[in-house]
$ cat protein-v1.cif   # mmCIF, C-alpha atoms
data_coords
#
loop_
_atom_site.label_atom_id
_atom_site.label_comp_id
_atom_site.auth_asym_id
_atom_site.auth_seq_id
_atom_site.Cartn_x
_atom_site.Cartn_y
_atom_site.Cartn_z
CA MET H 147 88.29 131.26 65.97
CA LEU H 148 91.75 130.24 64.84
CA ASP H 149 93.25 131.96 67.88
CA LEU H 150 90.91 130.01 70.15
CA SER H 151 91.82 126.77 68.42
CA GLU H 152 95.51 127.51 68.81
CA ALA H 153 94.96 128.27 72.50
CA ALA H 154 93.15 124.94 72.92
CA ASN H 155 95.97 123.09 71.16
CA TYR H 156 98.46 124.82 73.43
CA GLU H 157 96.47 123.71 76.49
CA ALA H 158 96.41 120.11 75.24
CA THR H 159 100.19 120.20 74.82
CA ARG H 160 100.59 121.66 78.31
CA LEU H 161 98.48 118.88 79.84
CA ASP H 162 100.46 116.24 77.95
CA ILE H 163 103.73 117.68 79.27
CA ILE H 164 102.44 117.66 82.85
CA GLN H 165 101.31 114.05 82.46
CA SER H 166 104.62 112.95 80.95
CA THR H 167 106.66 114.71 83.63
CA ALA H 168 104.60 113.28 86.49
CA GLN H 169 104.86 109.80 85.00
CA ALA H 170 108.61 110.21 84.58
CA TYR H 171 109.00 111.24 88.22
CA LEU H 172 106.97 108.28 89.45
CA ASN H 173 109.04 106.00 87.22
CA VAL H 174 112.15 107.31 88.99
CA LEU H 175 110.59 106.42 92.34
CA ILE H 176 109.54 102.98 91.10
CA SER H 177 113.02 102.17 89.81
CA LYS H 178 114.62 103.51 92.99
CA THR H 179 112.37 101.32 95.15
CA GLN H 180 113.04 98.27 93.01
CA GLN H 181 116.77 98.90 93.36
CA GLU H 182 116.47 99.03 97.16
CA ILE H 183 114.40 95.84 97.27
CA GLN H 184 116.85 94.00 95.02
CA GLN H 185 119.72 95.10 97.27
CA ASP H 186 117.83 93.80 100.33
CA ASN H 187 117.28 90.52 98.51
CA LEU H 188 120.99 90.32 97.72
CA ARG H 189 121.79 90.69 101.41
CA LEU H 190 119.34 87.89 102.18
CA THR H 191 121.07 85.64 99.68
CA LEU H 192 124.46 86.41 101.22
CA ALA H 193 123.08 85.49 104.65
CA ASN H 194 121.62 82.25 103.30
CA LEU H 195 124.90 81.44 101.60
CA GLU H 196 126.63 81.80 104.96
CA ARG H 197 124.07 79.46 106.50
CA ALA H 198 124.62 76.92 103.74
CA GLN H 199 128.40 77.21 104.13
CA PHE H 200 128.06 76.60 107.87
CA ARG H 201 125.94 73.52 107.27
CA TYR H 202 128.52 72.26 104.80
CA ASP H 203 131.38 72.94 107.24
CA ILE H 204 129.75 70.86 109.97
CA GLY H 205 128.93 68.08 107.53
CA SER H 206 125.15 68.55 107.50
CA THR H 207 125.00 68.90 103.69
CA ASP H 208 127.12 68.55 100.60
CA ARG H 209 128.85 71.07 98.37
CA SER H 210 125.94 71.28 95.89
CA GLU H 211 123.86 73.20 98.40
CA VAL H 212 126.53 75.89 98.72
CA LEU H 213 126.89 76.06 94.95
CA ARG H 214 123.15 76.49 94.60
CA PHE H 215 123.21 79.60 96.77
CA GLU H 216 126.25 80.87 94.90
CA THR H 217 124.19 80.58 91.72
CA GLU H 218 121.41 82.59 93.37
CA LEU H 219 124.01 85.14 94.46
CA GLY H 220 125.17 85.66 90.87
CA ASN H 221 121.60 86.07 89.66
CA ASP H 222 120.78 88.54 92.43
CA ARG H 223 123.86 90.62 91.68
CA GLN H 224 122.71 90.87 88.06
CA ALA H 225 119.25 91.93 89.27
CA VAL H 226 120.81 94.69 91.38
CA THR H 227 122.91 95.87 88.42
CA ASN H 228 119.85 95.96 86.17
CA ALA H 229 117.85 97.84 88.80
CA GLN H 230 120.63 100.42 89.12
CA ARG H 231 120.64 100.80 85.34
CA ASP H 232 116.88 101.31 85.27
CA PHE H 233 117.11 103.95 87.99
CA ARG H 234 119.81 105.89 86.13
CA GLN H 235 117.83 105.73 82.89
CA ALA H 236 114.62 106.90 84.60
CA ARG H 237 116.53 109.77 86.23
CA ASN H 238 118.06 110.77 82.88
CA SER H 239 114.63 110.78 81.23
CA LEU H 240 113.19 113.03 83.92
CA ASN H 241 116.12 115.43 83.66
CA GLN H 242 115.58 115.62 79.92
CA LEU H 243 111.90 116.50 80.36
CA LEU H 244 112.81 119.17 82.91
CA HIS H 245 115.60 120.55 80.66
CA ARG H 246 118.17 119.88 83.36
CA PRO H 247 121.67 118.44 82.86
CA ILE H 248 120.97 114.84 81.87
CA SER H 249 123.26 113.21 84.46
CA GLU H 250 122.43 115.60 87.29
CA GLN H 251 121.38 113.89 90.51
CA PHE H 252 118.53 115.08 92.69
CA ILE H 253 116.77 114.20 95.91
CA THR H 254 113.39 112.51 95.55
CA ARG H 255 110.46 112.76 97.91
CA GLU H 256 108.17 109.81 98.41
CA PRO H 257 104.52 110.76 97.79
CA GLY H 258 101.75 109.31 99.91
CA LEU H 259 98.23 108.38 98.92
CA SER H 260 97.06 111.63 100.51
CA GLY H 261 99.50 113.60 98.37
CA PRO H 262 97.09 114.57 95.57
CA LYS H 263 95.10 117.55 96.82
CA ILE H 264 91.77 116.35 95.49
CA PHE H 265 92.16 112.71 94.61
CA GLY H 266 93.85 111.98 97.92
CA ASP H 267 91.23 113.87 99.94
CA GLN H 268 89.19 111.94 102.50
CA ARG H 269 86.04 113.62 101.18
CA LEU H 270 86.21 111.27 98.19
CA GLU H 271 85.92 108.17 100.35
CA SER H 272 82.13 108.41 100.43
CA PHE H 273 82.11 108.23 96.63
CA LEU H 274 84.38 105.21 96.40
CA ASN H 275 82.97 102.75 98.94
CA ASN H 276 80.18 101.29 96.80
CA ASN H 277 79.34 100.86 93.14
CA ALA H 278 76.43 103.33 93.06
CA ARG H 279 78.52 106.16 94.46
CA LEU H 280 81.44 105.21 92.26
CA ASN H 281 79.19 105.39 89.19
CA THR H 282 78.03 108.86 90.24
CA PHE H 283 81.64 109.94 90.67
CA ALA H 284 82.51 108.47 87.25
CA ASN H 285 79.60 110.37 85.67
CA PHE H 286 80.80 113.60 87.27
CA LEU H 287 84.36 113.12 86.03
CA THR H 288 83.08 112.23 82.57
CA LYS H 289 81.11 115.48 82.52
CA LYS H 290 84.24 117.38 83.54
CA SER H 291 86.30 115.64 80.87
CA ILE H 292 83.89 116.74 78.13
CA GLU H 293 83.85 120.30 79.49
CA ASN H 294 87.61 120.65 79.94
CA ALA H 295 89.04 118.67 77.03
CA PRO H 296 91.04 121.16 74.94
CA GLU H 297 90.78 118.81 71.98
CA LEU H 298 86.99 119.29 72.00
CA VAL H 299 87.33 123.05 72.48
CA SER H 300 89.46 123.20 69.36
CA LEU H 301 86.95 121.14 67.40
CA LYS H 302 84.06 123.32 68.61
CA ASN H 303 85.81 126.39 67.28
CA GLU H 304 86.45 124.69 63.96
CA ILE H 305 82.77 123.74 63.75
CA LEU H 306 81.70 127.34 64.44
CA SER H 307 84.05 128.60 61.75
CA GLN H 308 82.77 126.04 59.28
CA GLU H 309 79.16 126.95 60.05
CA ARG H 310 79.96 130.56 59.16
CA LEU H 311 81.59 129.49 55.90
CA LEU H 312 78.52 127.42 55.03
CA LEU H 313 76.21 130.32 55.84
CA ALA H 314 78.26 132.61 53.63
CA ALA H 315 78.07 130.09 50.79
CA LYS H 316 74.27 129.90 51.14
CA ARG H 317 73.90 133.69 51.09
CA LYS H 318 75.80 134.15 47.85
CA ARG H 319 72.62 133.92 45.74
CA TYR H 320 70.79 136.79 47.40
CA ILE H 321 73.30 138.94 49.30
CA PRO H 322 75.66 141.11 47.24
CA ASP H 323 79.31 141.63 47.92
CA ILE H 324 80.06 145.21 48.94
CA ASP H 325 83.52 146.69 48.49
CA LEU H 326 84.40 150.10 49.90
CA THR H 327 87.44 151.79 48.39
CA GLY H 328 89.06 155.13 49.05
CA SER H 329 92.22 157.13 48.45
CA VAL H 330 93.78 160.36 49.70
CA ASN H 331 96.59 162.32 47.99
CA ARG H 332 98.39 165.33 49.39
CA ILE H 333 100.81 167.60 47.54
CA VAL H 334 103.58 168.51 49.91
CA ASP H 335 105.56 170.89 47.67
CA ASP H 336 104.63 172.37 44.24
CA SER H 337 107.65 174.66 43.86
CA GLY H 338 108.93 174.81 40.31
CA ALA H 339 105.53 173.97 38.83
CA ARG H 340 104.48 176.25 35.93
CA PHE H 341 100.91 176.31 37.20
CA PRO H 342 100.64 176.08 40.99
CA THR H 343 97.82 173.91 42.27
CA GLU H 344 95.01 175.57 44.13
CA TYR H 345 94.37 172.64 46.43
CA ASP H 346 96.98 170.39 47.99
CA ASN H 347 94.58 167.58 49.05
CA ASP H 348 92.83 165.15 46.73
CA TRP H 349 90.61 162.33 47.86
CA SER H 350 88.10 159.88 46.50
CA VAL H 351 85.65 157.32 47.93
CA GLY H 352 83.93 154.57 46.04
CA VAL H 353 81.45 151.81 46.78
CA GLN H 354 81.17 148.75 44.56
CA PHE H 355 78.26 146.32 44.63
CA SER H 356 78.47 142.91 42.97
CA TRP H 357 75.72 140.32 42.91
CA THR H 358 76.30 136.88 41.46
CA LEU H 359 73.07 135.87 39.76
CA TYR H 360 74.29 132.78 38.01
CA GLN H 361 77.52 130.76 37.99
CA GLY H 362 76.30 127.47 36.66
CA SER H 363 76.62 124.83 39.39
CA HIS H 364 79.52 126.57 41.12
CA ILE H 365 77.46 127.99 44.02
CA ARG H 366 75.62 124.73 44.64
CA ALA H 367 78.91 122.80 44.54
CA GLU H 368 80.47 125.20 47.05
CA GLN H 369 77.49 124.76 49.39
CA SER H 370 77.76 120.99 49.13
CA ARG H 371 81.48 121.11 49.82
CA GLU H 372 81.08 123.29 52.92
CA THR H 373 78.20 121.10 54.14
CA LEU H 374 80.31 117.96 53.85
CA ARG H 375 83.15 119.61 55.72
CA LEU H 376 80.79 120.59 58.52
CA GLN H 377 79.36 117.09 58.74
CA ARG H 378 82.85 115.63 58.87
CA LEU H 379 83.85 117.96 61.71
CA LYS H 380 80.74 117.01 63.68
CA LEU H 381 81.51 113.33 63.22
CA VAL H 382 85.08 113.89 64.37
CA TYR H 383 83.75 115.78 67.42
CA LYS H 384 81.38 112.94 68.30
CA GLN H 385 84.12 110.34 67.92
CA SER H 386 86.55 112.41 69.97
CA SER H 387 83.94 112.94 72.66
CA ASP H 388 83.28 109.20 72.83
CA ASP H 389 87.01 108.49 72.98
CA ILE H 390 87.48 110.93 75.87
CA GLU H 391 84.54 109.47 77.78
CA THR H 392 85.84 105.93 77.29
CA SER H 393 89.33 106.96 78.37
CA THR H 394 87.95 108.69 81.46
CA ARG H 395 85.79 105.77 82.55
CA ASN H 396 88.59 103.26 81.89
CA SER H 397 91.02 105.38 83.90
CA ILE H 398 88.59 105.61 86.80
CA ALA H 399 88.04 101.84 86.79
CA GLN H 400 91.79 101.24 86.70
CA ALA H 401 92.48 103.72 89.52
CA SER H 402 89.74 102.19 91.66
CA ALA H 403 91.12 98.69 91.20
CA SER H 404 94.73 99.73 91.82
CA LYS H 405 93.75 101.42 95.08
CA ILE H 406 92.14 98.21 96.34
CA ASN H 407 95.20 96.23 95.29
CA ILE H 408 97.43 98.32 97.57
CA SER H 409 96.09 96.69 100.74
CA TYR H 410 96.02 93.25 99.11
CA GLY H 411 99.64 93.61 98.07
CA GLN H 412 100.68 94.68 101.55
CA GLU H 413 98.92 91.68 103.07
CA ALA H 414 100.60 89.34 100.60
CA ALA H 415 104.04 90.82 101.32
CA GLU H 416 103.55 90.49 105.07
CA ALA H 417 102.44 86.87 104.73
CA ALA H 418 105.48 86.15 102.50
CA ARG H 419 107.79 87.73 105.07
CA LYS H 420 106.37 85.59 107.88
CA THR H 421 106.69 82.49 105.72
CA LEU H 422 110.32 83.32 104.98
CA ASP H 423 111.06 83.78 108.67
CA LEU H 424 109.56 80.39 109.47
CA VAL H 425 111.35 78.60 106.65
CA THR H 426 114.67 80.26 107.52
CA ASP H 427 114.40 79.13 111.12
CA SER H 428 113.41 75.65 109.98
CA TYR H 429 116.37 75.55 107.56
CA VAL H 430 118.83 76.54 110.27
CA ARG H 431 117.52 73.69 112.44
CA GLY H 432 117.81 71.28 109.53
CA LYS H 433 114.10 70.67 109.11
CA SER H 434 113.66 72.38 105.71
CA SER H 435 115.65 72.02 102.52
CA TYR H 436 117.54 74.76 100.72
CA ILE H 437 114.94 74.51 97.95
CA ASP H 438 112.24 75.51 100.45
CA LEU H 439 114.36 78.46 101.56
CA ILE H 440 115.05 79.63 98.00
CA ASP H 441 111.35 79.36 97.13
CA ALA H 442 110.32 81.31 100.23
CA GLN H 443 112.87 84.03 99.51
CA SER H 444 111.75 84.25 95.87
CA ALA H 445 108.10 84.54 96.94
CA PHE H 446 109.00 87.28 99.41
CA LEU H 447 110.92 89.20 96.73
CA THR H 448 108.03 88.98 94.28
CA ALA H 449 105.51 90.06 96.92
CA ARG H 450 107.65 93.00 98.04
CA LEU H 451 108.12 94.24 94.49
CA ALA H 452 104.39 93.98 93.82
CA ALA H 453 103.41 95.70 97.07
CA ALA H 454 105.90 98.51 96.55
CA ASN H 455 104.78 99.06 92.97
CA ASN H 456 101.05 99.02 93.78
CA GLN H 457 101.10 102.44 95.39
CA TYR H 458 103.02 103.97 92.50
CA GLU H 459 100.76 102.24 90.00
CA HIS H 460 97.76 103.83 91.73
CA LEU H 461 99.39 107.27 91.57
CA LEU H 462 100.11 106.71 87.87
CA ASP H 463 96.47 105.77 87.37
CA LEU H 464 95.42 109.00 89.12
CA ILE H 465 97.64 110.93 86.71
CA ASP H 466 95.82 109.26 83.82
CA VAL H 467 92.46 110.18 85.36
CA GLN H 468 93.46 113.80 85.72
CA ARG H 469 94.74 113.97 82.15
CA ALA H 470 91.51 112.40 80.93
CA ILE H 471 89.42 115.12 82.62
CA GLY H 472 91.83 117.86 81.53
CA PHE H 473 92.54 118.97 85.09
CA PHE H 474 95.55 118.42 87.35
CA ASP H 475 95.16 119.14 91.04
CA PHE H 476 98.86 119.97 91.55
CA TYR H 477 98.22 123.69 91.22
CA VAL H 478 94.79 124.21 92.81
CA SER H 479 94.38 126.59 95.73
CA PRO H 480 92.37 125.62 98.83
CA ALA H 481 89.50 127.77 97.55
CA GLU H 482 89.53 125.99 94.17
CA GLU H 483 89.71 122.65 95.95
CA ASN H 484 86.64 123.43 98.05
CA ALA H 485 84.79 124.71 95.00
CA TRP H 486 85.57 121.44 93.19
CA PHE H 487 84.04 119.38 95.99
CA GLU H 488 81.02 121.66 96.19
CA GLU H 489 80.45 121.08 92.48
CA LEU H 490 80.80 117.34 93.01
CA ASN H 491 78.31 117.37 95.88
CA ASP H 492 75.84 119.45 93.86
CA PHE H 493 76.15 116.98 91.01
CA ALA H 494 75.55 114.08 93.42
CA ARG H 495 72.44 115.75 94.87
CA THR H 496 71.09 116.55 91.41
CA ASN H 497 71.54 112.90 90.46
CA ARG H 498 69.99 111.71 93.74
CA MET H 499 72.97 109.82 95.03
CA ASN H 500 72.08 107.95 98.19
#
$ encode --input "protein-v1.cif" --output "structure tokens"
Amino acid sequence: MLDLSEAANYEATRLDIIQSTAQAYLNVLISKTQQEIQQDNLRLTLANLERAQFRYDIGSTDRSEVLRFETELGNDRQAVTNAQRDFRQARNSLNQLLHRPISEQFITREPGLSGPKIFGDQRLESFLNNNARLNTFANFLTKKSIENAPELVSLKNEILSQERLLLAAKRKRYIPDIDLTGSVNRIVDDSGARFPTEYDNDWSVGVQFSWTLYQGSHIRAEQSRETLRLQRLKLVYKQSSDDIETSTRNSIAQASASKINISYGQEAAEAARKTLDLVTDSYVRGKSSYIDLIDAQSAFLTARLAAANNQYEHLLDLIDVQRAIGFFDFYVSPAEENAWFEELNDFARTNRMN
């Protein structure tokens, strides 16, 4: 039982390492994207500064407008520097997790929403397009989380061991202890002995029975102690099971919401870009103020950062879901993938999903 518990603890550690590494890689991609967006925003500010300088040169505005864009330029340069710092730190953290040289550079690959073998599969769409199907999917994943959680496997083994200890404590009054003993001696050489031995082998076997009839309250106290330990383990198992179910359902709700937010974020970024184009054109023609242009650029920056992060946030949420159910789809074969969906469909039919 101890070996099984150790194996379960090892599996829990392995899953935690996979989760941490995947999160670290996505954090690298997030920081890299933020760096690129901040650099684009810096170029926009430089272009707007040139526009303001041109307006000042032809006498359409005063020096304060140019200075205002120079202030924005300083702030944007700081934002780029901070984004570059964040990217280097995220890269260093990933290298550390992978036991690579800390400062070593590497080429990243942008994942798509179809990247996860199972959770990016189109076959899941039918389970995500309404609340009833989503609830069925959540129930299935919760079932998988209880089955796969190595933490619960370890606790189950501890409970089985404790049940055996309790049974042994209860049997002490009417089942004796049996000890089997034995010994074998062999004389290799008796040269020089006054009386040579006739036999060079000597052996003995013994069986000892002991039966505890009375030990005061010791036996009863031992039974009570083992019973309390068993009850405690069962309570810990129930609490751990509830925690895993809550974590699974919360992760599913978060992943579902973050997926919806991807399209909303893209729509907001596109609207902000169009607004910036209109305000920029209006500013060049002298119909909008520099405050309008700065506000439009700031709104576009915020919308771009949010839209870019939404996809990574959804992938991070999927990582949390997979850790919650104790199963990562990075390593599944096509056969295992199909078997997973067959199990899901069987579960849906059993639960009469419409």
$ resolve_selection --input "protein-v1.cif" --expression "the PyMOL selection byres ((chain H and resi 263-269) around 12)" --output "PyMOL selection string"
chain H and resi 257-262+270-275+283+287+398+401-402+405+460-461+463-468+473-488+490-491
$ atom_distance --input "protein-v1.cif" --atom1 "CA of Asp423 (chain H)" --atom2 "CA of Gln443 (chain H)"
9.3 Å
$ residues_around --input "protein-v1.cif" --residues "region 188-204 of chain H" --least-positions-apart "6" --cutoff "9 Å" --atoms "only C-alpha atoms" --output "list in words"
Glu211, Val212, Leu213, Arg214, Phe215, Glu216, Glu218, Leu219, Asp222, Arg223, Ala225, Val226, Thr426, Tyr429, Val430, Gly432, Tyr436, Leu439, Ile440 and Gln443 of chain H
$ write_last_selection --input "protein-v1.cif" --atoms "C-alpha atoms" --output "compact mmCIF listing (two decimals), in the frame of the given file"
# COMPACT_ATOMS: atom_id res chain seq x y z
CA GLU H 211 123.86 73.20 98.40
CA VAL H 212 126.53 75.89 98.72
CA LEU H 213 126.89 76.06 94.95
CA ARG H 214 123.15 76.49 94.60
CA PHE H 215 123.21 79.60 96.77
CA GLU H 216 126.25 80.87 94.90
CA GLU H 218 121.41 82.59 93.37
CA LEU H 219 124.01 85.14 94.46
CA ASP H 222 120.78 88.54 92.43
CA ARG H 223 123.86 90.62 91.68
CA ALA H 225 119.25 91.93 89.27
CA VAL H 226 120.81 94.69 91.38
CA THR H 426 114.67 80.26 107.52
CA TYR H 429 116.37 75.55 107.56
CA VAL H 430 118.83 76.54 110.27
CA GLY H 432 117.81 71.28 109.53
CA TYR H 436 117.54 74.76 100.72
CA LEU H 439 114.36 78.46 101.56
CA ILE H 440 115.05 79.63 98.00
CA GLN H 443 112.87 84.03 99.51
$ residues_around --input "protein-v1.cif" --residues "region 242-245 of chain H" --least-positions-apart "2" --cutoff "12 Å" --atoms "all atoms listed in the file" --output "PDB file with C-alpha atoms, in the frame of the given file"
ATOM      1  CA  ASP H 162     100.460 116.240  77.950  1.00  0.00           C
ATOM      2  CA  ILE H 163     103.730 117.680  79.270  1.00  0.00           C
ATOM      3  CA  ILE H 164     102.440 117.660  82.850  1.00  0.00           C
ATOM      4  CA  GLN H 165     101.310 114.050  82.460  1.00  0.00           C
ATOM      5  CA  SER H 166     104.620 112.950  80.950  1.00  0.00           C
ATOM      6  CA  THR H 167     106.660 114.710  83.630  1.00  0.00           C
ATOM      7  CA  ALA H 168     104.600 113.280  86.490  1.00  0.00           C
ATOM      8  CA  GLN H 169     104.860 109.800  85.000  1.00  0.00           C
ATOM      9  CA  ALA H 170     108.610 110.210  84.580  1.00  0.00           C
ATOM     10  CA  TYR H 171     109.000 111.240  88.220  1.00  0.00           C
ATOM     11  CA  GLN H 235     117.830 105.730  82.890  1.00  0.00           C
ATOM     12  CA  ALA H 236     114.620 106.900  84.600  1.00  0.00           C
ATOM     13  CA  ARG H 237     116.530 109.770  86.230  1.00  0.00           C
ATOM     14  CA  ASN H 238     118.060 110.770  82.880  1.00  0.00           C
ATOM     15  CA  SER H 239     114.630 110.780  81.230  1.00  0.00           C
ATOM     16  CA  LEU H 240     113.190 113.030  83.920  1.00  0.00           C
ATOM     17  CA  PRO H 247     121.670 118.440  82.860  1.00  0.00           C
ATOM     18  CA  ILE H 248     120.970 114.840  81.870  1.00  0.00           C
ATOM     19  CA  SER H 249     123.260 113.210  84.460  1.00  0.00           C
ATOM     20  CA  GLU H 250     122.430 115.600  87.290  1.00  0.00           C
TER      21      GLU H 250
END
$ closest_residue --input "protein-v1.cif" --among "H:Thr159, H:Thr288, H:Ala278, H:Thr207" --to "Asp388 (chain H)" --atoms "all atoms listed in the file"
H:Thr288
$ closest_residue --input "protein-v1.cif" --among "H:Thr282, H:Thr373, H:Asn276, H:Gln181" --to "Asp492 (chain H)" --atoms "only C-alpha atoms"
H:Thr282
$ residues_around --input "protein-v1.cif" --residues "Asn456 (chain H)" --least-positions-apart "3" --cutoff "7 Å" --atoms "only C-alpha atoms" --output "JSON, numbers by chain"
{"H": [404, 407, 408, 452, 453, 459, 460]}
$ atom_distance --input "protein-v1.cif" --atom1 "CA of Ser291 (chain H)" --atom2 "CA of Arg160 (chain H)"
15.7 Å
$ closest_residue --input "protein-v1.cif" --among "H:Ile292, H:Ala494, H:Leu175, H:Ile253" --to "Ser387 (chain H)" --atoms "all atoms listed in the file"
H:Ile292
$ residues_near_point --input "protein-v1.cif" --point "(89.5, 123.7, 66.6)" --cutoff "10 Å" --atoms "only C-alpha atoms" --output "list in words"
Met147, Leu148, Asp149, Leu150, Ser151, Glu152, Ala153, Ala154, Asn155, Pro296, Glu297, Leu298, Val299, Ser300, Leu301, Lys302, Asn303, Glu304, Ile305, Leu306, Ser307, Leu379 and Tyr383 of chain H
$ atom_distance --input "protein-v1.cif" --atom1 "CA of Ala403 (chain H)" --atom2 "CA of Ala417 (chain H)"
21.2 Å
